[in-house]
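Chemist: Questions regarding the structure given below will be posed in turn.
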Amino acid sequence: MVEWLRRVYAPIDRMIGEVINPFPAQFKALSADPYDDELMEAFCSYLETSSRKMERVKTLFQSLPTPASARGFGLSVYHCLSEVEDALAELERYTMGYVDNYLHDGREMLREAKQRRKRLQDERRRLDIL
């Protein structure tokens, strides 16, 4: 299990953080004027970079089977990465038609993913104790 945590979970956690953590600043910048082409281009660039990271996350998650002793933890990791992917899809939909519901839903999904990630980090620390 230690090997899986080091080779799979640790890089996944880092990359998910690289998607979630910049979002508030990206959102705030876009909020200044969502119809400004430069601001929207920067936001779309963030989404594209984030989507590429999530592709690497999925590949990494599938690279090694989750150890039986960490199945529940692995399932929680999967739910977190799914939440981030769904959020990015909603935010991408927003860029295509400026429908505020997509922006709101994507923002809420990322907020939930951030909370899931925090719970995963707490659970990961407890796994060290076992």
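In the structure tokens, the first chain shown is A, the next is B, and so on; residue numbers restart at 1 for each chain, and ligands run from 1 in the order shown.
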Fewer than 5 positions away in the same chain doesn't count, so skip those; otherwise give me all residues within 9 Å of range 19-33 of chain A, counting only C-alpha atoms, as a list of chain:residue names.

Modeler: A:Arg14, A:Leu39, A:Met40, A:Ala42, A:Phe43, A:Tyr46, A:Leu47, A:Thr49, A:Ser50, A:Ser51, A:Lys53, A:Met54, A:Val84, A:Arg107, A:Leu110, A:Arg111, A:Ala113, A:Lys114

Chemist: Using N, CA and C atoms, can you write the selected residues to a file as an mmCIF file, in the first residue's frame?

Modeler:
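Here's the written file result_33.cif:
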```cif
data_model
loop_
_atom_site.group_PDB
_atom_site.id
_atom_site.type_symbol
_atom_site.label_atom_id
_atom_site.label_comp_id
_atom_site.auth_asym_id
_atom_site.auth_seq_id
_atom_site.Cartn_x
_atom_site.Cartn_y
_atom_site.Cartn_z
ATOM 1 N N ARG A 14 -1.254 16.083 -5.756
ATOM 2 C CA ARG A 14 -0.565 17.307 -6.174
ATOM 3 C C ARG A 14 -1.232 17.907 -7.412
ATOM 4 N N LEU A 39 -9.782 38.188 -20.850
ATOM 5 C CA LEU A 39 -10.093 37.485 -19.598
ATOM 6 C C LEU A 39 -10.658 36.099 -19.882
ATOM 7 N N MET A 40 -11.541 36.006 -20.882
ATOM 8 C CA MET A 40 -12.105 34.703 -21.231
ATOM 9 C C MET A 40 -11.029 33.787 -21.803
ATOM 10 N N ALA A 42 -7.863 33.792 -21.007
ATOM 11 C CA ALA A 42 -7.061 33.332 -19.864
ATOM 12 C C ALA A 42 -7.808 32.230 -19.105
ATOM 13 N N PHE A 43 -9.117 32.402 -18.937
ATOM 14 C CA PHE A 43 -9.926 31.398 -18.236
ATOM 15 C C PHE A 43 -9.949 30.088 -19.037
ATOM 16 N N TYR A 46 -6.737 28.275 -18.604
ATOM 17 C CA TYR A 46 -6.747 27.572 -17.315
ATOM 18 C C TYR A 46 -7.519 26.251 -17.436
ATOM 19 N N LEU A 47 -8.675 26.293 -18.089
ATOM 20 C CA LEU A 47 -9.484 25.082 -18.257
ATOM 21 C C LEU A 47 -8.757 24.033 -19.100
ATOM 22 N N THR A 49 -5.459 23.676 -19.540
ATOM 23 C CA THR A 49 -4.349 23.151 -18.733
ATOM 24 C C THR A 49 -4.874 22.183 -17.685
ATOM 25 N N SER A 50 -5.958 22.548 -17.049
ATOM 26 C CA SER A 50 -6.555 21.702 -16.015
ATOM 27 C C SER A 50 -7.051 20.382 -16.602
ATOM 28 N N SER A 51 -7.655 20.440 -17.765
ATOM 29 C CA SER A 51 -8.149 19.216 -18.418
ATOM 30 C C SER A 51 -6.998 18.279 -18.767
ATOM 31 N N LYS A 53 -4.151 18.103 -17.175
ATOM 32 C CA LYS A 53 -3.709 17.528 -15.897
ATOM 33 C C LYS A 53 -4.632 16.404 -15.464
ATOM 34 N N MET A 54 -5.922 16.593 -15.638
ATOM 35 C CA MET A 54 -6.878 15.569 -15.224
ATOM 36 C C MET A 54 -6.747 14.312 -16.097
ATOM 37 N N VAL A 84 -13.865 16.793 -9.886
ATOM 38 C CA VAL A 84 -13.077 17.821 -10.575
ATOM 39 C C VAL A 84 -13.364 17.780 -12.076
ATOM 40 N N ARG A 107 -18.371 25.951 -10.120
ATOM 41 C CA ARG A 107 -17.738 26.526 -8.917
ATOM 42 C C ARG A 107 -18.084 25.700 -7.684
ATOM 43 N N LEU A 110 -16.221 22.378 -7.718
ATOM 44 C CA LEU A 110 -14.821 22.521 -7.311
ATOM 45 C C LEU A 110 -14.705 22.764 -5.811
ATOM 46 N N ARG A 111 -15.661 23.475 -5.250
ATOM 47 C CA ARG A 111 -15.671 23.680 -3.800
ATOM 48 C C ARG A 111 -15.814 22.336 -3.091
ATOM 49 N N ALA A 113 -15.047 19.400 -4.372
ATOM 50 C CA ALA A 113 -13.824 18.627 -4.641
ATOM 51 C C ALA A 113 -12.707 19.053 -3.694
ATOM 52 N N LYS A 114 -12.647 20.332 -3.407
ATOM 53 C CA LYS A 114 -11.623 20.829 -2.465
ATOM 54 C C LYS A 114 -11.850 20.225 -1.079
#
```

Chemist: When distances are computed from only C-alpha atoms, which of A:Leu103, A:Met96, A:Leu5, A:Leu88 shows the smallest separation from Glu48 in chain A?

Modeler: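 Checking each candidate against Glu48 in chain A, we get A:Leu88 as the closest.
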
Chemist: Under the rule of at most 12 Å, produce a per-residue listing of range 33-112 of chain A near range 122-127 of chain A: chain, number, name, the closest pair of atoms, and the distance in Å, as CSV, using only C-alpha atoms.

Modeler:
```
residue,atom,partner,partner_atom,distance
A:Ser69,CA,A:Leu127,CA,9.9
A:Ala70,CA,A:Leu127,CA,8.8
A:Gly72,CA,A:Glu123,CA,10.4
A:Phe73,CA,A:Glu123,CA,7.8
A:Gly74,CA,A:Arg124,CA,10.5
A:Ser76,CA,A:Glu123,CA,9.9
A:Val77,CA,A:Arg124,CA,10.5
```

Chemist: Would you return as a short mmCIF file (atom, residue, chain, number, x, y, z; two decimals) with N, CA, C and O atoms, in the first residue's frame the members of range 3-128 of chain A that DSSP assigns to alpha helix (DSSP H) on this structure's backbone?

Modeler:
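The result, written out as selection-v8.cif:
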```cif
data_model
loop_
_atom_site.label_atom_id
_atom_site.label_comp_id
_atom_site.auth_asym_id
_atom_site.auth_seq_id
_atom_site.Cartn_x
_atom_site.Cartn_y
_atom_site.Cartn_z
N GLU A 3 3.66 1.80 -1.42
CA GLU A 3 4.12 2.07 -2.79
C GLU A 3 3.02 2.74 -3.62
O GLU A 3 3.28 3.70 -4.35
N TRP A 4 1.79 2.26 -3.49
CA TRP A 4 0.67 2.86 -4.22
C TRP A 4 0.44 4.30 -3.77
O TRP A 4 0.22 5.18 -4.60
N ALA A 10 0.06 10.28 -4.19
CA ALA A 10 0.79 11.55 -3.96
C ALA A 10 0.80 12.44 -5.21
O ALA A 10 0.45 13.63 -5.13
N PRO A 11 1.17 11.90 -6.40
CA PRO A 11 1.14 12.77 -7.58
C PRO A 11 -0.28 13.19 -7.98
O PRO A 11 -0.50 14.30 -8.46
N ILE A 12 -1.24 12.30 -7.75
CA ILE A 12 -2.63 12.66 -8.05
C ILE A 12 -3.08 13.81 -7.17
O ILE A 12 -3.67 14.78 -7.64
N ASP A 13 -2.78 13.73 -5.88
CA ASP A 13 -3.15 14.80 -4.95
C ASP A 13 -2.53 16.12 -5.37
O ASP A 13 -3.19 17.16 -5.39
N ARG A 14 -1.25 16.08 -5.76
CA ARG A 14 -0.57 17.31 -6.17
C ARG A 14 -1.23 17.91 -7.41
O ARG A 14 -1.52 19.11 -7.46
N MET A 15 -1.52 17.07 -8.42
CA MET A 15 -2.11 17.59 -9.66
C MET A 15 -3.54 18.09 -9.45
O MET A 15 -3.93 19.10 -10.03
N ILE A 16 -4.30 17.41 -8.61
CA ILE A 16 -5.65 17.90 -8.31
C ILE A 16 -5.56 19.26 -7.63
O ILE A 16 -6.33 20.17 -7.94
N GLY A 17 -4.59 19.42 -6.75
CA GLY A 17 -4.37 20.73 -6.12
C GLY A 17 -4.02 21.80 -7.14
O GLY A 17 -4.45 22.95 -7.01
N GLU A 18 -3.25 21.42 -8.16
CA GLU A 18 -2.88 22.37 -9.21
C GLU A 18 -4.07 22.79 -10.06
O GLU A 18 -4.02 23.81 -10.75
N VAL A 19 -5.14 22.02 -10.02
CA VAL A 19 -6.37 22.39 -10.73
C VAL A 19 -7.28 23.20 -9.80
O VAL A 19 -7.80 24.26 -10.19
N ILE A 20 -7.45 22.74 -8.58
CA ILE A 20 -8.40 23.36 -7.65
C ILE A 20 -7.89 24.71 -7.12
O ILE A 20 -8.63 25.69 -7.09
N PHE A 23 -8.27 28.09 -9.05
CA PHE A 23 -9.61 28.45 -9.50
C PHE A 23 -10.13 29.77 -8.91
O PHE A 23 -10.65 30.60 -9.65
N PRO A 24 -10.04 30.00 -7.59
CA PRO A 24 -10.60 31.25 -7.06
C PRO A 24 -10.03 32.50 -7.75
O PRO A 24 -10.79 33.43 -8.08
N ALA A 25 -8.74 32.52 -8.01
CA ALA A 25 -8.14 33.67 -8.68
C ALA A 25 -8.62 33.76 -10.13
O ALA A 25 -8.90 34.86 -10.63
N GLN A 26 -8.75 32.62 -10.80
CA GLN A 26 -9.25 32.59 -12.17
C GLN A 26 -10.69 33.10 -12.22
O GLN A 26 -11.06 33.89 -13.10
N PHE A 27 -11.49 32.64 -11.27
CA PHE A 27 -12.89 33.04 -11.20
C PHE A 27 -13.01 34.54 -10.94
O PHE A 27 -13.78 35.24 -11.60
N LYS A 28 -12.21 35.03 -10.01
CA LYS A 28 -12.24 36.46 -9.67
C LYS A 28 -11.84 37.31 -10.88
O LYS A 28 -12.48 38.33 -11.17
N ALA A 29 -10.80 36.89 -11.58
CA ALA A 29 -10.35 37.64 -12.76
C ALA A 29 -11.45 37.67 -13.82
O ALA A 29 -11.74 38.73 -14.39
N LEU A 30 -12.06 36.52 -14.07
CA LEU A 30 -13.12 36.46 -15.08
C LEU A 30 -14.33 37.29 -14.66
O LEU A 30 -14.99 37.90 -15.50
N SER A 31 -14.61 37.33 -13.37
CA SER A 31 -15.77 38.07 -12.86
C SER A 31 -15.69 39.56 -13.16
O SER A 31 -16.72 40.24 -13.21
N ALA A 32 -14.49 40.08 -13.34
CA ALA A 32 -14.34 41.51 -13.63
C ALA A 32 -15.12 41.88 -14.89
O ALA A 32 -15.77 42.92 -14.93
N ASP A 37 -12.59 39.57 -24.00
CA ASP A 37 -11.96 38.46 -24.72
C ASP A 37 -10.67 37.98 -24.06
O ASP A 37 -10.41 36.77 -24.01
N GLU A 38 -9.86 38.89 -23.57
CA GLU A 38 -8.60 38.50 -22.94
C GLU A 38 -8.84 37.73 -21.64
O GLU A 38 -8.16 36.74 -21.38
N LEU A 39 -9.78 38.19 -20.85
CA LEU A 39 -10.09 37.49 -19.60
C LEU A 39 -10.66 36.10 -19.88
O LEU A 39 -10.29 35.12 -19.22
N MET A 40 -11.54 36.01 -20.88
CA MET A 40 -12.11 34.70 -21.23
C MET A 40 -11.03 33.79 -21.80
O MET A 40 -11.00 32.59 -21.50
N GLU A 41 -10.11 34.35 -22.58
CA GLU A 41 -9.02 33.54 -23.13
C GLU A 41 -8.15 32.98 -22.00
O GLU A 41 -7.75 31.80 -22.03
N ALA A 42 -7.86 33.79 -21.01
CA ALA A 42 -7.06 33.33 -19.86
C ALA A 42 -7.81 32.23 -19.10
O ALA A 42 -7.21 31.23 -18.68
N PHE A 43 -9.12 32.40 -18.94
CA PHE A 43 -9.93 31.40 -18.24
C PHE A 43 -9.95 30.09 -19.04
O PHE A 43 -9.79 29.00 -18.48
N CYS A 44 -10.12 30.20 -20.35
CA CYS A 44 -10.12 29.00 -21.21
C CYS A 44 -8.76 28.31 -21.17
O CYS A 44 -8.70 27.07 -21.18
N SER A 45 -7.71 29.07 -21.09
CA SER A 45 -6.37 28.49 -20.99
C SER A 45 -6.22 27.70 -19.69
O SER A 45 -5.67 26.60 -19.68
N TYR A 46 -6.74 28.27 -18.60
CA TYR A 46 -6.75 27.57 -17.32
C TYR A 46 -7.52 26.25 -17.44
O TYR A 46 -7.06 25.21 -16.96
N LEU A 47 -8.68 26.29 -18.09
CA LEU A 47 -9.48 25.08 -18.26
C LEU A 47 -8.76 24.03 -19.10
O LEU A 47 -8.78 22.84 -18.77
N GLU A 48 -8.10 24.47 -20.16
CA GLU A 48 -7.37 23.52 -21.02
C GLU A 48 -6.22 22.88 -20.26
O GLU A 48 -6.02 21.66 -20.33
N THR A 49 -5.46 23.68 -19.54
CA THR A 49 -4.35 23.15 -18.73
C THR A 49 -4.87 22.18 -17.68
O THR A 49 -4.31 21.11 -17.47
N SER A 50 -5.96 22.55 -17.05
CA SER A 50 -6.55 21.70 -16.01
C SER A 50 -7.05 20.38 -16.60
O SER A 50 -6.87 19.33 -16.00
N SER A 51 -7.66 20.44 -17.77
CA SER A 51 -8.15 19.22 -18.42
C SER A 51 -7.00 18.28 -18.77
O SER A 51 -7.11 17.06 -18.60
N ARG A 52 -5.89 18.84 -19.24
CA ARG A 52 -4.71 18.01 -19.54
C ARG A 52 -4.19 17.36 -18.26
O ARG A 52 -3.83 16.18 -18.26
N LYS A 53 -4.15 18.10 -17.18
CA LYS A 53 -3.71 17.53 -15.90
C LYS A 53 -4.63 16.40 -15.46
O LYS A 53 -4.18 15.37 -14.97
N MET A 54 -5.92 16.59 -15.64
CA MET A 54 -6.88 15.57 -15.22
C MET A 54 -6.75 14.31 -16.10
O MET A 54 -6.98 13.21 -15.61
N GLU A 55 -6.36 14.47 -17.34
CA GLU A 55 -6.10 13.29 -18.18
C GLU A 55 -4.91 12.52 -17.61
O GLU A 55 -4.94 11.29 -17.55
N ARG A 56 -3.87 13.24 -17.20
CA ARG A 56 -2.72 12.58 -16.58
C ARG A 56 -3.12 11.91 -15.27
O ARG A 56 -2.65 10.82 -14.94
N VAL A 57 -3.99 12.57 -14.51
CA VAL A 57 -4.48 12.00 -13.24
C VAL A 57 -5.19 10.68 -13.50
O VAL A 57 -4.94 9.68 -12.83
N LYS A 58 -6.09 10.67 -14.49
CA LYS A 58 -6.82 9.43 -14.81
C LYS A 58 -5.88 8.31 -15.22
O LYS A 58 -6.02 7.17 -14.78
N THR A 59 -4.90 8.64 -16.07
CA THR A 59 -3.93 7.64 -16.51
C THR A 59 -3.14 7.09 -15.31
O THR A 59 -2.95 5.88 -15.18
N LEU A 60 -2.72 7.98 -14.46
CA LEU A 60 -1.96 7.58 -13.27
C LEU A 60 -2.81 6.72 -12.34
O LEU A 60 -2.35 5.70 -11.83
N PHE A 61 -4.05 7.11 -12.15
CA PHE A 61 -4.95 6.35 -11.26
C PHE A 61 -5.13 4.92 -11.77
O PHE A 61 -5.23 3.98 -10.98
N GLN A 62 -5.14 4.76 -13.08
CA GLN A 62 -5.34 3.44 -13.67
C GLN A 62 -4.03 2.66 -13.85
O GLN A 62 -4.06 1.50 -14.23
N SER A 63 -2.90 3.29 -13.56
CA SER A 63 -1.60 2.66 -13.81
C SER A 63 -1.28 1.51 -12.86
O SER A 63 -0.59 0.58 -13.25
N ARG A 71 -8.89 0.00 -0.61
CA ARG A 71 -10.01 0.08 -1.57
C ARG A 71 -10.93 1.27 -1.28
O ARG A 71 -11.29 2.00 -2.19
N GLY A 72 -11.33 1.43 -0.03
CA GLY A 72 -12.21 2.55 0.31
C GLY A 72 -11.55 3.88 0.03
O GLY A 72 -12.17 4.81 -0.50
N PHE A 73 -10.28 3.98 0.37
CA PHE A 73 -9.52 5.20 0.11
C PHE A 73 -9.43 5.45 -1.39
O PHE A 73 -9.64 6.57 -1.86
N GLY A 74 -9.14 4.40 -2.16
CA GLY A 74 -9.05 4.52 -3.60
C GLY A 74 -10.37 4.98 -4.22
O GLY A 74 -10.38 5.78 -5.15
N LEU A 75 -11.47 4.48 -3.68
CA LEU A 75 -12.79 4.90 -4.17
C LEU A 75 -13.02 6.38 -3.88
O LEU A 75 -13.54 7.11 -4.72
N SER A 76 -12.58 6.83 -2.72
CA SER A 76 -12.70 8.26 -2.38
C SER A 76 -11.86 9.12 -3.32
O SER A 76 -12.28 10.20 -3.73
N VAL A 77 -10.67 8.64 -3.67
CA VAL A 77 -9.82 9.35 -4.63
C VAL A 77 -10.55 9.45 -5.98
O VAL A 77 -10.60 10.51 -6.60
N TYR A 78 -11.15 8.34 -6.40
CA TYR A 78 -11.88 8.31 -7.66
C TYR A 78 -13.03 9.33 -7.66
O TYR A 78 -13.23 10.06 -8.63
N HIS A 79 -13.77 9.39 -6.56
CA HIS A 79 -14.89 10.34 -6.47
C HIS A 79 -14.39 11.78 -6.54
O HIS A 79 -15.02 12.63 -7.17
N CYS A 80 -13.27 12.04 -5.91
CA CYS A 80 -12.70 13.39 -5.93
C CYS A 80 -12.30 13.78 -7.36
O CYS A 80 -12.66 14.85 -7.84
N LEU A 81 -11.60 12.89 -8.04
CA LEU A 81 -11.18 13.24 -9.39
C LEU A 81 -12.37 13.34 -10.33
O LEU A 81 -12.39 14.19 -11.23
N SER A 82 -13.40 12.54 -10.11
CA SER A 82 -14.62 12.65 -10.92
C SER A 82 -15.32 13.99 -10.70
O SER A 82 -15.82 14.61 -11.65
N GLU A 83 -15.31 14.45 -9.46
CA GLU A 83 -15.92 15.74 -9.13
C GLU A 83 -15.18 16.87 -9.86
O GLU A 83 -15.80 17.78 -10.41
N VAL A 84 -13.86 16.79 -9.89
CA VAL A 84 -13.08 17.82 -10.58
C VAL A 84 -13.36 17.78 -12.08
O VAL A 84 -13.57 18.82 -12.70
N GLU A 85 -13.40 16.58 -12.66
CA GLU A 85 -13.70 16.46 -14.09
C GLU A 85 -15.07 17.03 -14.43
O GLU A 85 -15.23 17.74 -15.42
N ASP A 86 -16.06 16.71 -13.61
CA ASP A 86 -17.41 17.23 -13.84
C ASP A 86 -17.44 18.75 -13.73
O ASP A 86 -18.11 19.43 -14.52
N ALA A 87 -16.70 19.29 -12.77
CA ALA A 87 -16.64 20.74 -12.60
C ALA A 87 -16.04 21.40 -13.84
O ALA A 87 -16.56 22.41 -14.34
N LEU A 88 -14.95 20.83 -14.33
CA LEU A 88 -14.32 21.39 -15.52
C LEU A 88 -15.25 21.34 -16.72
O LEU A 88 -15.29 22.28 -17.53
N ALA A 89 -16.03 20.27 -16.84
CA ALA A 89 -16.99 20.16 -17.94
C ALA A 89 -18.05 21.26 -17.83
O ALA A 89 -18.43 21.88 -18.84
N GLU A 90 -18.53 21.52 -16.63
CA GLU A 90 -19.52 22.58 -16.43
C GLU A 90 -18.93 23.95 -16.77
O GLU A 90 -19.58 24.77 -17.42
N LEU A 91 -17.70 24.18 -16.34
CA LEU A 91 -17.06 25.47 -16.61
C LEU A 91 -16.81 25.63 -18.11
O LEU A 91 -16.94 26.73 -18.65
N GLU A 92 -16.47 24.54 -18.77
CA GLU A 92 -16.29 24.57 -20.22
C GLU A 92 -17.61 24.93 -20.92
O GLU A 92 -17.64 25.72 -21.85
N ARG A 93 -18.70 24.35 -20.43
CA ARG A 93 -20.02 24.69 -21.00
C ARG A 93 -20.32 26.18 -20.83
O ARG A 93 -20.90 26.80 -21.71
N TYR A 94 -19.91 26.73 -19.69
CA TYR A 94 -20.13 28.16 -19.46
C TYR A 94 -19.45 28.99 -20.53
O TYR A 94 -20.03 29.95 -21.04
N THR A 95 -18.22 28.61 -20.91
CA THR A 95 -17.47 29.41 -21.89
C THR A 95 -18.12 29.38 -23.27
O THR A 95 -17.84 30.24 -24.10
N MET A 96 -18.98 28.41 -23.51
CA MET A 96 -19.61 28.29 -24.83
C MET A 96 -20.88 29.11 -24.96
O MET A 96 -21.31 29.38 -26.08
N GLY A 97 -21.49 29.50 -23.85
CA GLY A 97 -22.74 30.23 -23.98
C GLY A 97 -23.03 31.22 -22.87
O GLY A 97 -24.10 31.81 -22.84
N ASP A 100 -24.97 31.38 -16.74
CA ASP A 100 -24.44 31.49 -15.38
C ASP A 100 -24.60 30.22 -14.55
O ASP A 100 -23.80 29.96 -13.66
N ASN A 101 -25.63 29.43 -14.83
CA ASN A 101 -25.83 28.19 -14.08
C ASN A 101 -24.63 27.26 -14.19
O ASN A 101 -24.26 26.60 -13.23
N TYR A 102 -24.03 27.20 -15.37
CA TYR A 102 -22.86 26.33 -15.56
C TYR A 102 -21.68 26.82 -14.72
O TYR A 102 -20.97 26.03 -14.12
N LEU A 103 -21.51 28.13 -14.69
CA LEU A 103 -20.43 28.71 -13.90
C LEU A 103 -20.66 28.44 -12.41
O LEU A 103 -19.75 28.01 -11.70
N HIS A 104 -21.88 28.66 -11.97
CA HIS A 104 -22.22 28.42 -10.56
C HIS A 104 -22.04 26.94 -10.20
O HIS A 104 -21.42 26.62 -9.18
N ASP A 105 -22.55 26.05 -11.04
CA ASP A 105 -22.44 24.61 -10.75
C ASP A 105 -20.99 24.16 -10.74
O ASP A 105 -20.58 23.40 -9.86
N GLY A 106 -20.20 24.62 -11.72
CA GLY A 106 -18.79 24.26 -11.76
C GLY A 106 -18.04 24.75 -10.53
O GLY A 106 -17.21 24.03 -9.96
N ARG A 107 -18.37 25.95 -10.12
CA ARG A 107 -17.74 26.53 -8.92
C ARG A 107 -18.08 25.70 -7.68
O ARG A 107 -17.22 25.40 -6.86
N GLU A 108 -19.34 25.33 -7.55
CA GLU A 108 -19.77 24.52 -6.39
C GLU A 108 -19.12 23.13 -6.42
O GLU A 108 -18.75 22.60 -5.38
N MET A 109 -19.01 22.56 -7.61
CA MET A 109 -18.37 21.24 -7.72
C MET A 109 -16.90 21.31 -7.32
O MET A 109 -16.40 20.41 -6.64
N LEU A 110 -16.22 22.38 -7.72
CA LEU A 110 -14.82 22.52 -7.31
C LEU A 110 -14.70 22.76 -5.81
O LEU A 110 -13.77 22.29 -5.18
N ARG A 111 -15.66 23.47 -5.25
CA ARG A 111 -15.67 23.68 -3.80
C ARG A 111 -15.81 22.34 -3.09
O ARG A 111 -15.09 22.03 -2.13
N GLU A 112 -16.71 21.51 -3.58
CA GLU A 112 -16.90 20.18 -3.00
C GLU A 112 -15.66 19.32 -3.20
O GLU A 112 -15.25 18.58 -2.30
N ALA A 113 -15.05 19.40 -4.37
CA ALA A 113 -13.82 18.63 -4.64
C ALA A 113 -12.71 19.05 -3.69
O ALA A 113 -11.93 18.22 -3.22
N LYS A 114 -12.65 20.33 -3.41
CA LYS A 114 -11.62 20.83 -2.47
C LYS A 114 -11.85 20.22 -1.08
O LYS A 114 -10.90 19.82 -0.41
N GLN A 115 -13.10 20.16 -0.66
CA GLN A 115 -13.42 19.55 0.64
C GLN A 115 -13.11 18.06 0.62
O GLN A 115 -12.56 17.53 1.60
N ARG A 116 -13.42 17.38 -0.47
CA ARG A 116 -13.10 15.95 -0.60
C ARG A 116 -11.59 15.74 -0.52
O ARG A 116 -11.11 14.81 0.12
N ARG A 117 -10.86 16.60 -1.20
CA ARG A 117 -9.40 16.48 -1.20
C ARG A 117 -8.86 16.64 0.22
O ARG A 117 -7.97 15.90 0.64
N LYS A 118 -9.40 17.59 0.95
CA LYS A 118 -8.96 17.80 2.34
C LYS A 118 -9.25 16.56 3.18
O LYS A 118 -8.40 16.11 3.97
N ARG A 119 -10.44 15.98 3.01
CA ARG A 119 -10.78 14.75 3.76
C ARG A 119 -9.84 13.61 3.36
O ARG A 119 -9.41 12.82 4.21
N LEU A 120 -9.50 13.53 2.08
CA LEU A 120 -8.55 12.50 1.62
C LEU A 120 -7.19 12.69 2.27
O LEU A 120 -6.55 11.73 2.69
N GLN A 121 -6.74 13.93 2.33
CA GLN A 121 -5.43 14.20 2.95
C GLN A 121 -5.45 13.80 4.43
O GLN A 121 -4.47 13.23 4.93
N ASP A 122 -6.55 14.10 5.11
CA ASP A 122 -6.67 13.70 6.52
C ASP A 122 -6.66 12.18 6.64
O ASP A 122 -5.98 11.62 7.51
N GLU A 123 -7.41 11.52 5.77
CA GLU A 123 -7.47 10.06 5.80
C GLU A 123 -6.10 9.46 5.46
O GLU A 123 -5.67 8.48 6.06
N ARG A 124 -5.40 10.07 4.53
CA ARG A 124 -4.06 9.60 4.14
C ARG A 124 -3.11 9.64 5.35
O ARG A 124 -2.34 8.72 5.57
N ARG A 125 -3.19 10.70 6.13
CA ARG A 125 -2.34 10.79 7.33
C ARG A 125 -2.67 9.67 8.32
O ARG A 125 -1.78 9.13 8.95
N ARG A 126 -3.94 9.32 8.41
CA ARG A 126 -4.33 8.23 9.31
C ARG A 126 -3.81 6.89 8.80
O ARG A 126 -3.51 6.00 9.59
N LEU A 127 -3.70 6.74 7.49
CA LEU A 127 -3.18 5.49 6.93
C LEU A 127 -1.73 5.26 7.35
O LEU A 127 -1.30 4.13 7.48
N ASP A 128 -0.96 6.33 7.54
CA ASP A 128 0.42 6.21 8.00
C ASP A 128 0.49 5.59 9.39
O ASP A 128 1.46 4.90 9.72
#
```
